[in-house]
$ cat input.cif   # mmCIF, C-alpha atoms
data_my_file
loop_
_atom_site.label_atom_id
_atom_site.label_comp_id
_atom_site.auth_asym_id
_atom_site.auth_seq_id
_atom_site.Cartn_x
_atom_site.Cartn_y
_atom_site.Cartn_z
CA MET V 1 62.58 0.80 -43.90
CA PHE V 2 65.34 0.12 -46.41
CA ARG V 3 68.55 -1.58 -45.40
CA LEU V 4 71.35 -3.24 -47.33
CA GLN V 5 72.30 -6.82 -46.69
CA GLY V 6 75.73 -7.05 -48.19
CA SER V 7 76.11 -4.67 -51.09
CA LYS V 8 73.89 -6.46 -53.59
CA VAL V 9 70.74 -7.28 -51.69
CA LEU V 10 68.19 -4.76 -50.46
CA ALA V 11 66.02 -5.78 -47.52
CA VAL V 12 62.85 -3.83 -46.90
CA ASP V 13 60.92 -4.24 -43.66
CA MET V 14 57.26 -3.49 -44.17
CA THR V 15 54.39 -3.10 -41.78
CA GLY V 16 51.43 -2.70 -44.04
CA ASP V 17 53.04 -0.01 -46.18
CA ALA V 18 54.07 -0.36 -49.78
CA VAL V 19 57.17 0.05 -51.94
CA LYS V 20 57.64 0.41 -55.66
CA ALA V 21 60.25 -1.86 -57.12
CA LYS V 22 61.53 -2.91 -60.51
CA ASN V 23 59.42 -5.67 -62.00
CA GLY V 24 60.64 -9.12 -61.06
CA SER V 25 63.38 -7.95 -58.70
CA MET V 26 62.03 -9.73 -55.62
CA VAL V 27 64.30 -12.60 -54.61
CA ALA V 28 62.67 -13.64 -51.35
CA TYR V 29 60.17 -12.57 -48.73
CA ASP V 30 58.65 -13.70 -45.48
CA GLY V 31 55.30 -12.78 -44.05
CA GLN V 32 52.49 -11.74 -46.33
CA MET V 33 53.17 -9.84 -49.52
CA ALA V 34 51.13 -8.89 -52.52
CA PHE V 35 52.65 -7.94 -55.87
CA LYS V 36 50.89 -5.74 -58.34
CA LYS V 37 52.21 -4.33 -61.56
CA MET V 38 52.34 -0.61 -61.90
CA SER V 39 53.63 1.41 -64.75
CA GLY V 40 56.55 3.76 -64.78
CA GLY V 41 56.52 7.25 -66.10
CA GLY V 42 54.04 8.62 -63.65
CA GLU V 43 50.58 7.67 -62.59
CA GLY V 44 47.30 8.18 -64.29
CA LEU V 45 46.37 8.91 -67.85
CA ARG V 46 49.02 11.51 -68.33
CA GLY V 47 51.69 9.07 -67.26
CA MET V 48 50.35 6.51 -69.68
CA VAL V 49 50.47 8.91 -72.58
CA THR V 50 53.97 10.02 -71.62
CA ARG V 51 55.10 6.41 -71.51
CA ARG V 52 53.70 5.67 -74.93
CA LEU V 53 55.37 8.72 -76.38
CA THR V 54 58.68 8.48 -74.62
CA GLY V 55 59.38 4.81 -74.70
CA GLU V 56 60.79 5.04 -71.18
CA GLN V 57 59.92 1.49 -70.45
CA MET V 58 60.21 1.19 -66.76
CA THR V 59 57.95 -1.49 -65.44
CA VAL V 60 57.41 -1.18 -61.76
CA MET V 61 55.51 -3.31 -59.34
CA GLU V 62 53.96 -2.34 -56.08
CA VAL V 63 54.80 -4.59 -53.16
CA LYS V 64 52.59 -4.32 -50.13
CA GLY V 65 52.33 -6.33 -46.96
CA HIS V 66 53.77 -7.29 -43.61
CA GLY V 67 57.21 -8.77 -43.25
CA THR V 68 60.58 -8.48 -44.92
CA CYS V 69 61.08 -8.46 -48.64
CA TRP V 70 64.48 -8.88 -50.29
CA PHE V 71 65.25 -7.34 -53.67
CA ALA V 72 68.21 -7.85 -56.00
CA ASP V 73 68.80 -7.63 -59.71
CA ARG V 74 71.49 -9.39 -61.72
CA ALA V 75 74.05 -8.98 -58.94
CA SER V 76 74.22 -5.21 -59.34
CA GLU V 77 75.55 -3.09 -56.51
CA ILE V 78 72.83 -1.20 -54.66
CA ASN V 79 73.02 2.34 -53.30
CA LEU V 80 70.53 3.88 -50.92
CA VAL V 81 69.44 7.43 -51.53
CA GLY V 82 67.55 9.49 -48.99
CA LEU V 83 65.26 12.15 -50.40
CA GLN V 84 64.09 15.15 -48.42
CA GLY V 85 61.78 16.82 -50.83
CA ASP V 86 64.35 16.96 -53.60
CA LYS V 87 64.28 15.23 -56.92
CA LEU V 88 66.37 12.28 -58.01
CA TYR V 89 67.05 11.74 -61.70
CA VAL V 90 67.94 8.16 -62.45
CA GLU V 91 68.18 6.04 -65.56
CA SER V 92 65.26 3.66 -65.61
CA SER V 93 67.67 0.74 -65.98
CA ASN V 94 69.34 1.78 -62.73
CA PHE V 95 66.19 2.16 -60.68
CA LEU V 96 65.53 -0.63 -58.17
CA ALA V 97 63.05 0.47 -55.51
CA ALA V 98 61.50 3.45 -53.76
CA ASP V 99 59.02 4.16 -51.00
CA ALA V 100 55.49 4.18 -52.39
CA GLY V 101 55.08 7.69 -51.09
CA LEU V 102 57.59 8.98 -53.61
CA ARG V 103 56.31 10.24 -56.94
CA THR V 104 57.90 8.81 -60.04
CA GLY V 105 57.79 10.45 -63.40
CA THR V 106 59.46 10.73 -66.77
CA GLU V 107 61.42 13.68 -68.02
CA PHE V 108 62.99 14.73 -71.27
CA THR V 109 66.77 14.74 -71.22
CA GLY V 110 67.63 15.83 -74.70
CA LEU V 111 70.91 15.05 -76.31
CA ARG V 112 72.39 13.82 -73.05
CA GLY V 113 70.04 10.88 -72.97
CA ALA V 114 70.92 9.86 -76.46
CA SER V 115 74.61 9.97 -75.68
CA GLN V 116 74.11 7.68 -72.69
CA GLY V 117 72.54 5.07 -74.84
CA ASN V 118 69.40 5.18 -72.74
CA GLY V 119 67.03 7.07 -74.93
CA LEU V 120 65.84 10.60 -74.67
CA PHE V 121 63.97 10.28 -71.41
CA THR V 122 64.89 9.62 -67.83
CA THR V 123 63.05 8.68 -64.67
CA THR V 124 62.53 11.10 -61.82
CA VAL V 125 61.77 10.27 -58.20
CA GLU V 126 60.52 13.05 -55.97
CA GLY V 127 59.30 13.51 -52.41
CA HIS V 128 60.30 12.43 -48.93
CA GLY V 129 61.57 8.90 -48.41
CA GLN V 130 64.15 6.40 -49.49
CA ALA V 131 65.07 5.04 -52.88
CA ALA V 132 67.51 2.37 -54.01
CA ILE V 133 69.46 2.65 -57.23
CA MET V 134 71.68 0.10 -58.91
CA SER V 135 75.09 0.44 -60.44
CA ASP V 136 77.52 -1.84 -62.20
CA GLY V 137 80.19 -1.94 -59.53
CA PRO V 138 80.11 0.22 -56.38
CA ALA V 139 79.07 3.77 -57.25
CA VAL V 140 80.84 6.86 -56.00
CA VAL V 141 78.88 9.88 -54.93
CA LEU V 142 80.44 13.11 -56.17
CA ARG V 143 79.39 16.45 -54.76
CA VAL V 144 78.92 19.36 -57.10
CA SER V 145 78.98 22.88 -55.73
CA ALA V 146 78.87 26.27 -57.33
CA ARG V 147 82.65 26.50 -57.35
CA TYR V 148 83.29 22.95 -58.41
CA PRO V 149 81.41 21.87 -61.49
CA LEU V 150 81.72 18.24 -62.49
CA THR V 151 82.10 16.55 -65.84
CA VAL V 152 81.24 12.86 -66.18
CA ASP V 153 81.35 10.23 -68.86
CA PRO V 154 77.80 9.60 -70.11
CA GLY V 155 78.35 5.85 -69.93
CA ALA V 156 79.35 5.95 -66.27
CA TYR V 157 76.59 8.31 -65.15
CA VAL V 158 73.99 6.62 -62.95
CA ALA V 159 71.89 9.28 -61.25
CA HIS V 160 71.92 12.77 -59.81
CA GLN V 161 69.96 14.74 -57.27
CA GLY V 162 69.72 18.31 -56.13
CA ASN V 163 69.66 21.58 -57.93
CA LEU V 164 71.87 20.83 -60.91
CA ARG V 165 72.02 22.15 -64.43
CA GLN V 166 73.43 19.80 -66.95
CA SER V 167 74.93 20.57 -70.25
CA PHE V 168 76.25 18.40 -72.96
CA GLN V 169 79.87 18.79 -73.87
CA SER V 170 81.58 17.52 -76.89
CA GLY V 171 85.26 17.25 -77.36
CA VAL V 172 84.98 16.29 -80.98
CA THR V 173 87.92 17.55 -82.96
CA PHE V 174 89.19 16.80 -86.40
CA ARG V 175 91.15 13.93 -84.85
CA THR V 176 87.91 12.27 -83.81
CA LEU V 177 86.67 12.48 -87.33
CA LEU V 178 89.83 10.81 -88.53
CA GLY V 179 89.20 7.98 -86.10
CA GLU V 180 91.96 9.03 -83.75
CA GLY V 181 89.76 10.14 -80.88
CA GLY V 182 90.55 9.40 -77.29
CA GLY V 183 87.25 7.62 -76.70
CA GLU V 184 85.97 10.50 -74.61
CA ALA V 185 84.26 12.58 -77.25
CA PHE V 186 81.18 13.43 -75.21
CA GLN V 187 80.71 14.39 -71.61
CA ILE V 188 77.96 15.70 -69.37
CA ARG V 189 78.80 18.75 -67.32
CA PHE V 190 76.97 19.41 -64.07
CA GLU V 191 76.80 22.84 -62.52
CA GLY V 192 75.02 24.05 -59.43
CA ASP V 193 74.61 22.28 -56.14
CA GLY V 194 73.91 18.58 -55.69
CA LEU V 195 75.16 15.03 -55.89
CA VAL V 196 76.08 12.87 -58.87
CA TYR V 197 76.34 9.06 -58.73
CA VAL V 198 78.98 7.56 -60.99
CA GLN V 199 79.65 3.86 -61.55
CA PRO V 200 83.08 2.30 -62.19
CA SER V 201 81.94 0.89 -65.50
CA GLU V 202 80.81 2.32 -68.79
CA ARG V 203 77.75 1.41 -70.75
CA ASN V 204 78.10 1.12 -74.49
CA THR V 205 77.49 4.55 -75.84
CA ILE V 206 78.01 6.20 -79.14
CA ALA V 207 80.46 8.47 -77.41
CA GLY V 208 82.63 5.58 -76.27
CA ASP V 209 83.25 4.50 -79.81
CA VAL V 210 84.64 7.72 -81.14
CA MET Q 1 87.02 -26.12 -41.27
CA ALA Q 2 88.37 -27.42 -44.52
CA PHE Q 3 87.51 -24.31 -46.53
CA ARG Q 4 88.76 -20.81 -45.99
CA GLU Q 5 87.30 -17.92 -47.98
CA LEU Q 6 90.16 -15.93 -49.46
CA ASN Q 7 87.95 -13.44 -51.23
CA PRO Q 8 84.30 -13.58 -52.27
CA LYS Q 9 85.16 -15.68 -55.30
CA MET Q 10 87.92 -18.02 -54.14
CA VAL Q 11 88.23 -20.59 -51.41
CA GLU Q 12 91.28 -22.33 -50.09
CA ALA Q 13 90.90 -25.92 -49.04
CA THR Q 14 93.26 -27.88 -46.84
CA VAL Q 15 93.80 -31.53 -47.69
CA ALA Q 16 95.49 -33.92 -45.35
CA PRO Q 17 96.20 -37.63 -45.85
CA GLY Q 18 93.06 -39.62 -45.31
CA GLN Q 19 90.82 -36.64 -45.91
CA ARG Q 20 89.30 -36.56 -49.31
CA LEU Q 21 87.65 -33.68 -51.05
CA PHE Q 22 85.37 -33.69 -54.03
CA SER Q 23 85.32 -30.74 -56.38
CA GLN Q 24 83.86 -29.80 -59.69
CA ARG Q 25 86.20 -30.85 -62.45
CA GLY Q 26 88.29 -27.93 -63.64
CA ALA Q 27 87.64 -25.78 -60.61
CA MET Q 28 91.20 -26.01 -59.26
CA LEU Q 29 93.06 -22.72 -59.64
CA ALA Q 30 96.30 -23.46 -57.85
CA TYR Q 31 97.71 -25.82 -55.28
CA ARG Q 32 100.57 -26.19 -52.85
CA GLY Q 33 102.07 -29.44 -51.66
CA GLU Q 34 101.55 -32.97 -52.90
CA VAL Q 35 98.01 -33.09 -54.15
CA SER Q 36 96.57 -35.41 -56.73
CA PHE Q 37 93.44 -34.93 -58.76
CA THR Q 38 91.65 -37.94 -60.11
CA PRO Q 39 88.60 -37.72 -62.27
CA ASP Q 40 85.78 -39.42 -60.51
CA LEU Q 41 84.03 -41.55 -63.05
CA ARG Q 42 81.29 -42.33 -60.64
CA GLY Q 43 80.66 -38.61 -60.25
CA GLY Q 44 80.73 -38.70 -56.50
CA GLN Q 45 80.05 -41.32 -53.93
CA GLY Q 46 77.96 -44.38 -53.76
CA GLY Q 47 78.03 -47.47 -55.88
CA VAL Q 48 77.31 -48.09 -59.49
CA MET Q 49 73.62 -47.77 -58.87
CA SER Q 50 73.92 -44.22 -57.60
CA MET Q 51 76.05 -43.45 -60.64
CA ILE Q 52 73.29 -44.65 -62.91
CA GLY Q 53 70.85 -42.70 -60.81
CA ARG Q 54 72.81 -39.54 -61.32
CA ARG Q 55 73.21 -40.14 -65.05
CA VAL Q 56 69.52 -40.60 -65.46
CA ALA Q 57 68.82 -37.63 -63.27
CA ASN Q 58 71.23 -35.42 -65.18
CA GLU Q 59 72.88 -34.58 -61.89
CA ASP Q 60 76.18 -36.09 -63.01
CA THR Q 61 78.26 -32.91 -63.01
CA PRO Q 62 81.79 -34.19 -63.46
CA LEU Q 63 83.57 -34.30 -60.15
CA MET Q 64 87.14 -35.02 -59.25
CA THR Q 65 88.65 -36.43 -56.11
CA VAL Q 66 91.31 -34.36 -54.45
CA GLU Q 67 93.74 -36.26 -52.24
CA GLY Q 68 97.15 -35.76 -50.70
CA SER Q 69 98.52 -33.14 -48.37
CA GLY Q 70 98.60 -29.45 -49.07
CA THR Q 71 96.29 -26.61 -49.90
CA VAL Q 72 94.20 -26.12 -53.00
CA LEU Q 73 92.56 -22.99 -54.36
CA PHE Q 74 89.15 -23.34 -55.91
CA GLY Q 75 87.12 -20.91 -57.97
CA TYR Q 76 84.98 -21.19 -61.05
CA GLY Q 77 83.70 -18.83 -63.69
CA GLY Q 78 84.07 -15.78 -61.48
CA HIS Q 79 81.06 -16.84 -59.45
CA HIS Q 80 80.66 -15.92 -55.83
CA VAL Q 81 81.40 -18.75 -53.46
CA GLN Q 82 79.61 -19.41 -50.21
CA VAL Q 83 80.89 -21.91 -47.67
CA ILE Q 84 78.14 -23.72 -45.82
CA GLN Q 85 78.94 -25.70 -42.70
CA LEU Q 86 76.83 -28.79 -42.12
CA ALA Q 87 76.44 -30.33 -38.71
CA GLY Q 88 74.51 -33.50 -39.31
CA ASP Q 89 71.75 -32.02 -41.39
CA THR Q 90 71.09 -32.27 -45.11
CA LEU Q 91 71.81 -29.65 -47.73
CA TYR Q 92 69.83 -29.68 -50.95
CA VAL Q 93 71.64 -28.05 -53.83
CA GLU Q 94 71.75 -28.25 -57.59
CA ALA Q 95 74.77 -30.30 -58.72
CA ASP Q 96 76.13 -27.64 -61.06
CA ARG Q 97 76.28 -25.18 -58.17
CA LEU Q 98 78.63 -27.42 -56.19
CA LEU Q 99 82.18 -26.13 -56.24
CA ALA Q 100 83.71 -28.47 -53.69
CA PHE Q 101 82.73 -30.45 -50.63
CA GLU Q 102 84.36 -32.59 -48.00
CA GLY Q 103 84.53 -36.31 -48.47
CA THR Q 104 82.92 -36.85 -45.09
CA LEU Q 105 79.61 -35.79 -46.55
CA GLU Q 106 77.29 -38.32 -48.01
CA GLN Q 107 76.10 -37.46 -51.46
CA GLY Q 108 72.75 -38.48 -52.81
CA THR Q 109 70.23 -37.72 -55.50
CA VAL Q 110 66.74 -36.67 -54.57
CA PHE Q 111 63.71 -37.03 -56.75
CA LEU Q 112 61.75 -33.83 -56.41
CA GLY Q 113 58.53 -35.69 -57.03
CA ALA Q 114 59.12 -37.34 -53.67
CA GLN Q 115 58.62 -33.96 -52.05
CA GLY Q 116 55.15 -32.94 -52.87
CA GLY Q 117 54.32 -35.28 -55.72
CA VAL Q 118 53.40 -33.74 -59.03
CA MET Q 119 53.74 -30.23 -57.67
CA GLY Q 120 57.29 -31.11 -56.72
CA MET Q 121 58.03 -31.96 -60.31
CA VAL Q 122 56.40 -28.79 -61.57
CA ARG Q 123 58.41 -26.85 -59.04
CA GLY Q 124 61.62 -28.40 -60.30
CA GLN Q 125 60.77 -27.36 -63.84
CA VAL Q 126 59.89 -23.81 -62.89
CA SER Q 127 62.98 -23.24 -60.82
CA GLY Q 128 65.14 -24.86 -63.46
CA GLN Q 129 66.19 -27.56 -61.06
CA GLY Q 130 64.90 -30.35 -63.20
CA LEU Q 131 63.35 -33.41 -61.67
CA PHE Q 132 66.27 -34.27 -59.45
CA THR Q 133 68.54 -32.43 -57.11
CA THR Q 134 71.61 -33.32 -55.10
CA SER Q 135 71.64 -33.79 -51.36
CA LEU Q 136 74.65 -33.70 -49.07
CA LYS Q 137 74.36 -35.10 -45.59
CA GLY Q 138 76.62 -35.34 -42.59
CA HIS Q 139 79.31 -33.25 -40.94
CA GLY Q 140 81.53 -31.08 -43.09
CA ALA Q 141 81.74 -28.03 -45.26
CA VAL Q 142 80.42 -27.35 -48.74
CA ALA Q 143 81.41 -24.56 -51.11
CA VAL Q 144 78.47 -23.49 -53.24
CA MET Q 145 78.57 -21.14 -56.23
CA ALA Q 146 76.11 -18.36 -56.89
CA HIS Q 147 75.84 -15.37 -59.16
CA GLY Q 148 76.29 -12.31 -57.02
CA GLY Q 149 76.50 -12.61 -53.26
CA VAL Q 150 74.46 -15.01 -51.22
CA ILE Q 151 72.27 -14.16 -48.28
CA GLU Q 152 71.12 -16.69 -45.73
CA ILE Q 153 67.53 -16.39 -44.60
CA PRO Q 154 66.48 -18.44 -41.59
CA VAL Q 155 63.28 -20.42 -41.91
CA THR Q 156 61.32 -21.01 -38.70
CA PRO Q 157 57.91 -22.62 -38.24
CA GLN Q 158 56.39 -19.23 -37.53
CA ARG Q 159 58.16 -17.58 -40.41
CA PRO Q 160 57.86 -19.30 -43.75
CA VAL Q 161 59.94 -17.70 -46.48
CA HIS Q 162 59.00 -17.19 -50.11
CA VAL Q 163 61.80 -17.22 -52.66
CA ASP Q 164 61.97 -16.36 -56.34
CA PRO Q 165 62.73 -19.74 -57.98
CA GLN Q 166 65.46 -18.21 -60.14
CA ALA Q 167 67.24 -16.72 -57.14
CA TYR Q 168 67.06 -19.91 -55.06
CA VAL Q 169 70.46 -21.48 -54.44
CA ALA Q 170 70.19 -24.13 -51.75
CA HIS Q 171 68.51 -24.95 -48.48
CA HIS Q 172 69.24 -27.07 -45.46
CA GLY Q 173 67.43 -28.36 -42.45
CA GLU Q 174 63.96 -29.74 -42.06
CA VAL Q 175 62.42 -27.59 -44.71
CA ARG Q 176 59.41 -28.44 -46.82
CA ASN Q 177 59.05 -26.53 -50.00
CA LYS Q 178 56.20 -26.10 -52.33
CA LEU Q 179 55.47 -23.98 -55.33
CA SER Q 180 53.03 -21.25 -54.67
CA THR Q 181 51.53 -19.33 -57.48
CA ALA Q 182 50.27 -15.83 -57.35
CA LEU Q 183 48.88 -16.00 -60.85
CA GLY Q 184 46.07 -13.60 -61.35
CA TRP Q 185 44.10 -12.17 -64.21
CA ARG Q 186 46.81 -9.53 -64.49
CA ASP Q 187 49.34 -12.13 -65.60
CA MET Q 188 46.95 -13.43 -68.21
CA VAL Q 189 46.69 -10.05 -69.85
CA GLY Q 190 50.42 -9.50 -69.73
CA ARG Q 191 50.38 -7.10 -66.84
CA GLY Q 192 51.96 -9.38 -64.29
CA SER Q 193 54.37 -8.16 -61.69
CA GLY Q 194 56.94 -10.72 -62.77
CA GLU Q 195 56.52 -12.61 -59.52
CA ALA Q 196 53.99 -15.21 -60.56
CA PHE Q 197 55.77 -18.25 -59.12
CA GLN Q 198 57.36 -18.49 -55.74
CA LEU Q 199 58.91 -21.23 -53.72
CA GLU Q 200 57.41 -21.38 -50.29
CA LEU Q 201 59.76 -22.82 -47.71
CA SER Q 202 58.43 -23.75 -44.31
CA GLY Q 203 59.79 -25.72 -41.39
CA SER Q 204 63.05 -24.98 -39.64
CA GLY Q 205 66.37 -24.46 -41.37
CA ALA Q 206 67.81 -21.90 -43.70
CA VAL Q 207 67.57 -21.00 -47.34
CA TYR Q 208 70.34 -19.43 -49.42
CA VAL Q 209 69.34 -16.83 -51.96
CA GLN Q 210 71.56 -15.19 -54.56
CA ALA Q 211 71.47 -11.51 -55.47
CA SER Q 212 70.52 -12.24 -59.02
CA GLU Q 213 67.90 -13.97 -61.09
CA GLU Q 214 70.46 -15.48 -63.41
CA LYS Q 215 71.20 -19.17 -63.59
CA LEU Q 216 74.80 -20.31 -63.48
#
$ encode --input "input.cif" --output "structure tokens"
Amino acid sequence: MFRLQGSKVLAVDMTGDAVKAKNGSMVAYDGQMAFKKMSGGGEGLRGMVTRRLTGEQMTVMEVKGHGTCWFADRASEINLVGLQGDKLYVESSNFLAADAGLRTGTEFTGLRGASQGNGLFTTTVEGHGQAAIMSDGPAVVLRVSARYPLTVDPGAYVAHQGNLRQSFQSGVTFRTLLGEGGGEAFQIRFEGDGLVYVQPSERNTIAGDV
Amino acid sequence: MAFRELNPKMVEATVAPGQRLFSQRGAMLAYRGEVSFTPDLRGGQGGVMSMIGRRVANEDTPLMTVEGSGTVLFGYGGHHVQVIQLAGDTLYVEADRLLAFEGTLEQGTVFLGAQGGVMGMVRGQVSGQGLFTTSLKGHGAVAVMAHGGVIEIPVTPQRPVHVDPQAYVAHHGEVRNKLSTALGWRDMVGRGSGEAFQLELSGSGAVYVQASEEKL
């Protein structure tokens, strides 16, 4: 059972079940808890190979026990995401915790990943349950529908869920090449039906510089 | 209540004649009325001996005395501020986390080795507290700084609480703490969960935990 205490601390009440959380993000707990390191990028041998190849270095621990466990990381804002069988794509740096019943994996993002300054791979969370993602500043959830596609700054993108196609857009013109760009040379465009989480802050990206 | 929280990062303190406040030097943002700020060479209360004690203990964060009549705004480094009300009990807090406190409180320095012997000292090192910490006792309010928001977790005899040493801010009440380790073979081979050391707090009182693992 995930609940937010304030906007920066996640409290999880556990009765013998387990959660996956970012390594080292526990700030306090009561009752009995056991911490075990897991590895991101999916379970098993395949996951291990993917991790080696992709460099998606998400280190996750499994927390199991009875009681309440509090999680927080570097005073980031926390957003709860409920998943009903759909898939959440989140940057590994923005992932905080998820029910242990949810499957986590790694997926290729292509050029979009590179433009976000996060590498070419992203983390996926799939199944039924709750997940918590972090953002620098309170995130807004933007709905994308067939009639309303959405374009976001790669540096401000946090996560998305649902049935979305993403394409990489570049607004590079000859002005950009002359160093007169507006600082918004690259964008990600989402089409389809789903939700996109955007933070009020921009990571350092290549796109932000041109 | 001497402190009023204006926003999560600023507090407003009311000073009246005869009521002193202590605050971290340089933490004043603005003031109204006739208020004077005097650097407190002794770094707080007590005699010369407690000054030496604090010097030795490296708990001599420069303080200033705030006197007069008016209101003063305090804030420091953009850190979140939490006001803790004390009613006769003792608050243990690291000196550099103290933003301001009422002069009615009695300030002291505690040797961590006194609480749990050698393990107490080890605990101080692990949590970055050093060998000494500051105690405040009596009736009054304290404004404590933390990175990110602070949550208060009650500690009851039936419910001991474990805290990440880096996220620990302060505690009050009759609370014993000890360092518990969950070191296993996994940590030795570099596959630890990042939660090898924990502070175990038991007794009755409350512990304040910040939403971050960063020191101030």
$ resolve_selection --input "input.cif" --expression "the PyMOL selection byres ((chain V) within 10 of (chain Q))" --output "ChimeraX atom specification"
/V:5-10,21-39,59-63,67-77
$ resolve_selection --input "input.cif" --expression "the PyMOL selection byres ((chain Q and resi 22) around 9)" --output "ChimeraX atom specification"
/Q:20-21,23-25,40,44,63-67,99-103
$ atom_distance --input "input.cif" --atom1 "CA of Ala18 (chain V)" --atom2 "CA of His66 (chain V)"
9.3 Å
$ resolve_selection --input "input.cif" --expression "the PyMOL selection byres ((chain V and resi 201) around 10)" --output "list in words"
Ser135, Asp136, Gly137, Pro138, Ala139, Asp153, Gly155, Ala156, Tyr157, Val198, Gln199, Pro200, Glu202, Arg203 and Asn204 of chain V
$ closest_residue --input "input.cif" --among "V:Met134, V:Leu83, V:Leu150, V:Leu164" --to "Gln187 (chain V)" --atoms "only C-alpha atoms"
V:Leu150
$ atom_distance --input "input.cif" --atom1 "CA of Val90 (chain V)" --atom2 "CA of Pro154 (chain V)"
12.6 Å
$ residues_around --input "input.cif" --residues "Ala27 (chain Q)" --least-positions-apart "5" --cutoff "6 Å" --atoms "all atoms listed in the file" --output "PyMOL selection string"
chain Q and resi 74-76
$ build_atoms --input "input.cif" --residues "region 145-163 of chain Q" --atoms "N, CA and C atoms" --output "PDB file, in the frame of the given file"
ATOM      1  N   MET Q 145      78.395 -22.312 -55.364  1.00  0.00           N
ATOM      2  CA  MET Q 145      78.570 -21.140 -56.230  1.00  0.00           C
ATOM      3  C   MET Q 145      77.244 -20.433 -56.448  1.00  0.00           C
ATOM      4  N   ALA Q 146      77.314 -19.136 -56.587  1.00  0.00           N
ATOM      5  CA  ALA Q 146      76.110 -18.360 -56.890  1.00  0.00           C
ATOM      6  C   ALA Q 146      76.516 -17.126 -57.668  1.00  0.00           C
ATOM      7  N   HIS Q 147      75.583 -16.601 -58.417  1.00  0.00           N
ATOM      8  CA  HIS Q 147      75.840 -15.370 -59.160  1.00  0.00           C
ATOM      9  C   HIS Q 147      75.510 -14.197 -58.271  1.00  0.00           C
ATOM     10  N   GLY Q 148      76.505 -13.381 -57.987  1.00  0.00           N
ATOM     11  CA  GLY Q 148      76.290 -12.310 -57.020  1.00  0.00           C
ATOM     12  C   GLY Q 148      76.422 -12.906 -55.634  1.00  0.00           C
ATOM     13  N   GLY Q 149      76.336 -12.109 -54.625  1.00  0.00           N
ATOM     14  CA  GLY Q 149      76.500 -12.610 -53.260  1.00  0.00           C
ATOM     15  C   GLY Q 149      75.318 -13.465 -52.848  1.00  0.00           C
ATOM     16  N   VAL Q 150      75.513 -14.151 -51.746  1.00  0.00           N
ATOM     17  CA  VAL Q 150      74.460 -15.010 -51.220  1.00  0.00           C
ATOM     18  C   VAL Q 150      74.015 -14.474 -49.877  1.00  0.00           C
ATOM     19  N   ILE Q 151      72.719 -14.465 -49.631  1.00  0.00           N
ATOM     20  CA  ILE Q 151      72.270 -14.160 -48.280  1.00  0.00           C
ATOM     21  C   ILE Q 151      71.590 -15.395 -47.718  1.00  0.00           C
ATOM     22  N   GLU Q 152      71.727 -15.558 -46.398  1.00  0.00           N
ATOM     23  CA  GLU Q 152      71.120 -16.690 -45.730  1.00  0.00           C
ATOM     24  C   GLU Q 152      69.886 -16.185 -45.004  1.00  0.00           C
ATOM     25  N   ILE Q 153      68.762 -16.802 -45.269  1.00  0.00           N
ATOM     26  CA  ILE Q 153      67.530 -16.390 -44.600  1.00  0.00           C
ATOM     27  C   ILE Q 153      67.052 -17.555 -43.753  1.00  0.00           C
ATOM     28  N   PRO Q 154      66.948 -17.351 -42.445  1.00  0.00           N
ATOM     29  CA  PRO Q 154      66.480 -18.440 -41.590  1.00  0.00           C
ATOM     30  C   PRO Q 154      65.000 -18.743 -41.826  1.00  0.00           C
ATOM     31  N   VAL Q 155      64.664 -20.002 -41.774  1.00  0.00           N
ATOM     32  CA  VAL Q 155      63.280 -20.420 -41.910  1.00  0.00           C
ATOM     33  C   VAL Q 155      62.853 -21.008 -40.574  1.00  0.00           C
ATOM     34  N   THR Q 156      61.833 -20.479 -39.964  1.00  0.00           N
ATOM     35  CA  THR Q 156      61.320 -21.010 -38.700  1.00  0.00           C
ATOM     36  C   THR Q 156      59.850 -21.349 -38.906  1.00  0.00           C
ATOM     37  N   PRO Q 157      59.317 -22.221 -38.051  1.00  0.00           N
ATOM     38  CA  PRO Q 157      57.910 -22.620 -38.240  1.00  0.00           C
ATOM     39  C   PRO Q 157      56.959 -21.430 -38.278  1.00  0.00           C
ATOM     40  N   GLN Q 158      57.285 -20.380 -37.530  1.00  0.00           N
ATOM     41  CA  GLN Q 158      56.390 -19.230 -37.530  1.00  0.00           C
ATOM     42  C   GLN Q 158      56.639 -18.320 -38.729  1.00  0.00           C
ATOM     43  N   ARG Q 159      57.769 -18.523 -39.362  1.00  0.00           N
ATOM     44  CA  ARG Q 159      58.160 -17.580 -40.410  1.00  0.00           C
ATOM     45  C   ARG Q 159      58.504 -18.295 -41.689  1.00  0.00           C
ATOM     46  N   PRO Q 160      57.531 -18.717 -42.452  1.00  0.00           N
ATOM     47  CA  PRO Q 160      57.860 -19.300 -43.750  1.00  0.00           C
ATOM     48  C   PRO Q 160      58.430 -18.230 -44.684  1.00  0.00           C
ATOM     49  N   VAL Q 161      59.293 -18.655 -45.591  1.00  0.00           N
ATOM     50  CA  VAL Q 161      59.940 -17.700 -46.480  1.00  0.00           C
ATOM     51  C   VAL Q 161      59.561 -18.024 -47.920  1.00  0.00           C
ATOM     52  N   HIS Q 162      59.284 -17.003 -48.696  1.00  0.00           N
ATOM     53  CA  HIS Q 162      59.000 -17.190 -50.110  1.00  0.00           C
ATOM     54  C   HIS Q 162      60.201 -16.733 -50.917  1.00  0.00           C
ATOM     55  N   VAL Q 163      60.582 -17.520 -51.907  1.00  0.00           N
ATOM     56  CA  VAL Q 163      61.800 -17.220 -52.660  1.00  0.00           C
ATOM     57  C   VAL Q 163      61.471 -17.254 -54.155  1.00  0.00           C
TER      58      VAL Q 163
END
